[in-house]
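File shown: my_file12.csv. Contents: CSV, C-alpha atoms.
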chain,number,residue,atom,x,y,z
B,1,MET,CA,32.5,76.7,-26.7
B,2,ASN,CA,29.2,75.5,-28.1
B,3,SER,CA,30.1,71.9,-28.9
B,4,GLN,CA,28.5,70.7,-25.7
B,5,ASP,CA,27.0,67.6,-27.3
B,6,GLU,CA,30.4,66.1,-28.2
B,7,LYS,CA,30.9,62.9,-26.1
B,8,SER,CA,34.1,62.2,-24.1
B,9,PRO,CA,36.1,59.2,-25.3
B,10,THR,CA,35.6,57.6,-21.9
B,11,ASP,CA,31.9,58.6,-21.5
B,12,PRO,CA,31.9,58.9,-17.7
B,13,LEU,CA,28.7,57.9,-16.0
B,14,PRO,CA,27.0,60.3,-13.7
B,15,THR,CA,27.7,59.8,-10.0
B,16,ASP,CA,26.5,61.6,-6.8
B,17,GLN,CA,29.3,64.1,-7.4
B,18,LEU,CA,29.8,66.0,-10.6
B,19,GLU,CA,33.0,65.0,-12.4
B,20,VAL,CA,35.0,67.5,-14.4
B,21,THR,CA,37.6,65.9,-16.7
B,22,LEU,CA,40.6,68.0,-17.7
B,23,TYR,CA,42.5,66.5,-20.7
B,24,THR,CA,46.0,67.9,-20.2
B,25,ARG,CA,49.7,67.2,-20.7
B,26,PRO,CA,52.9,68.0,-18.7
B,27,GLY,CA,54.1,71.5,-19.2
B,28,CYS,CA,50.8,72.9,-20.5
B,29,HIS,CA,50.6,76.4,-19.2
B,30,LEU,CA,47.0,76.9,-20.5
B,31,CYS,CA,46.0,73.7,-18.5
B,32,ASP,CA,47.5,75.2,-15.3
B,33,GLU,CA,45.6,78.4,-16.0
B,34,ALA,CA,42.4,76.6,-16.6
B,35,LYS,CA,42.7,74.6,-13.3
B,36,LEU,CA,43.2,77.9,-11.4
B,37,GLN,CA,40.1,79.5,-13.1
B,38,MET,CA,38.0,76.4,-12.5
B,39,ALA,CA,38.9,76.0,-8.8
B,40,PRO,CA,36.3,78.3,-7.3
B,41,ALA,CA,33.4,76.8,-9.2
B,42,LEU,CA,34.6,73.3,-8.5
B,43,ALA,CA,34.7,74.1,-4.8
B,44,GLU,CA,31.3,75.8,-4.9
B,45,PHE,CA,29.6,72.8,-6.6
B,46,GLY,CA,31.6,70.1,-4.8
B,47,ALA,CA,32.7,68.8,-8.2
B,48,ARG,CA,35.6,66.4,-8.5
B,49,LEU,CA,38.4,67.2,-11.0
B,50,ARG,CA,39.9,64.3,-12.9
B,51,GLU,CA,43.0,65.1,-14.8
B,52,VAL,CA,44.0,62.9,-17.8
B,53,ASN,CA,47.4,63.1,-19.3
B,54,ILE,CA,46.8,62.7,-23.0
B,55,ASP,CA,50.4,61.8,-23.7
B,56,ALA,CA,49.9,58.5,-21.8
B,57,ASP,CA,47.2,57.3,-24.3
B,58,PRO,CA,48.0,57.4,-28.0
B,59,GLN,CA,44.3,57.7,-29.0
B,60,LEU,CA,43.8,60.7,-26.7
B,61,SER,CA,47.0,62.2,-27.8
B,62,GLU,CA,45.9,62.0,-31.4
B,63,LEU,CA,42.5,63.3,-30.6
B,64,TYR,CA,43.5,66.3,-28.4
B,65,ASN,CA,47.1,66.9,-29.4
B,66,LEU,CA,46.8,70.6,-30.3
B,67,ASP,CA,43.7,71.3,-28.3
B,68,VAL,CA,44.7,71.0,-24.6
B,69,PRO,CA,43.3,71.8,-22.2
B,70,VAL,CA,40.0,70.1,-23.1
B,71,ILE,CA,37.4,70.2,-20.4
B,72,PHE,CA,34.3,67.9,-20.0
B,73,VAL,CA,31.6,68.3,-17.4
B,74,ALA,CA,30.2,64.8,-17.0
B,75,ASP,CA,29.7,63.7,-20.6
B,76,ARG,CA,29.8,67.1,-22.3
B,77,LYS,CA,32.7,68.9,-23.8
B,78,VAL,CA,32.5,72.5,-22.4
B,79,ALA,CA,35.8,74.1,-23.3
B,80,LYS,CA,39.1,73.8,-25.0
B,81,HIS,CA,42.2,76.1,-24.9
B,82,ARG,CA,40.8,78.6,-22.5
B,83,ILE,CA,37.9,78.7,-20.0
B,84,ASP,CA,35.4,81.5,-19.2
B,85,PRO,CA,34.9,81.1,-15.4
B,86,ALA,CA,31.3,82.6,-15.5
B,87,GLN,CA,30.3,80.3,-18.3
B,88,PHE,CA,32.0,77.3,-16.6
B,89,ARG,CA,29.9,78.0,-13.5
B,90,ARG,CA,26.7,78.0,-15.6
B,91,GLN,CA,27.7,74.8,-17.2
B,92,LEU,CA,28.2,73.2,-13.8
B,93,LEU,CA,24.8,74.5,-12.7
B,94,GLU,CA,23.2,73.0,-15.8
B,95,ALA,CA,24.9,69.7,-15.3
B,96,ARG,CA,23.7,69.6,-11.7
B,97,ARG,CA,20.2,70.2,-12.8
B,98,ARG,CA,20.5,67.7,-15.7
B,99,PHE,CA,21.5,64.9,-13.3
B,100,GLY,CA,19.1,66.0,-10.5
B,101,ARG,CA,21.8,66.8,-8.0
B,102,ARG,CA,21.0,69.0,-5.0
B,103,ASN,CA,24.5,70.0,-3.7

Output the file's structure in the form of structure tokens.
Amino acid sequence: MNSQDEKSPTDPLPTDQLEVTLYTRPGCHLCDEAKLQMAPALAEFGARLREVNIDADPQLSELYNLDVPVIFVADRKVAKHRIDPAQFRRQLLEARRRFGRRN
């Protein structure tokens, strides 16, 4: 996914820990698969996973209805539907560099 400049609707601010946001919904098998594929890199980088149920917010539901899972690293959209674990790891590394983190 190359739309890395698209902003999250919530525009999370950088913290000491990288935050990965997973826009999901109950019963989404692709979301479950994405979480499993992201887990090793999340642990390696000490990143925090924040899951957001799009069905709980009409605006998010309209925005991402057919696209879940949608994954943001900090303020950049990095994937939707499926995740490439090697690319996700590179995206976490780039985000850590961008925000000057040393973990």

(Q) One number please: CA of Glu44 (chain B) to CA of Cys28 (chain B), in Å, one decimal. (A)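 That distance, rounded to one decimal, is 25.1 Å.
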
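Nearest residue to Ala86 (chain B), choosing from B:Asn65, B:Gln17, B:Gln37, B:Thr24 and counting all atoms listed in the file: B:Gln37.
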
Q | d(CA of Ala43 (chain B), CA of Val20 (chain B)) in Å | A |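 Interatomic distance here is 11.7 Å.
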
Around region 28-41 of chain B, with edges along x, y and z and 3 Å added on all six sides, what centre and edge lengths do you get, in Å to one decimal, as lines of an AutoDock Vina configuration file?
center_x = 42.1
center_y = 76.2
center_z = -13.9
size_x = 23.4
size_y = 12.6
size_z = 19.2

Q. Between B:Ile54, B:Val73, B:Ile83, B:Ala34, which one has atoms that come closest to Thr21 (chain B), using only C-alpha atoms?
A. B:Val73

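If you measure from each of B:Pro69, B:Lys80, B:Pro85, B:Tyr23 to Glu51 (chain B) using all atoms listed in the file, the closest one turns out to be B:Tyr23.
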
Q.
I'd like the neighbourhood of region 91-96 of chain B as a PyMOL selection string, where a residue qualifies if any of its atoms comes within 9 Å (using all atoms listed in the file), though same-chain residues fewer than 5 positions away should be ignored.
A. chain B and resi 17-18+20+41-42+45+47+73-74+76+78+86+101-103

Residue subset to file, keeping C-alpha atoms, as a compact mmCIF listing (two decimals), keeping the file's coordinate frame:
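Dumped everything to out15.txt:
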# COMPACT_ATOMS: atom_id res chain seq x y z
CA GLN B 17 29.30 64.10 -7.40
CA LEU B 18 29.80 66.00 -10.60
CA VAL B 20 35.00 67.50 -14.40
CA ALA B 41 33.40 76.80 -9.20
CA LEU B 42 34.60 73.30 -8.50
CA PHE B 45 29.60 72.80 -6.60
CA ALA B 47 32.70 68.80 -8.20
CA VAL B 73 31.60 68.30 -17.40
CA ALA B 74 30.20 64.80 -17.00
CA ARG B 76 29.80 67.10 -22.30
CA VAL B 78 32.50 72.50 -22.40
CA ALA B 86 31.30 82.60 -15.50
CA ARG B 101 21.80 66.80 -8.00
CA ARG B 102 21.00 69.00 -5.00
CA ASN B 103 24.50 70.00 -3.70

**Q.** Å distance separating CA of Gln87 (chain B) from CA of Leu60 (chain B), one decimal place
**A.** 25.2 Å
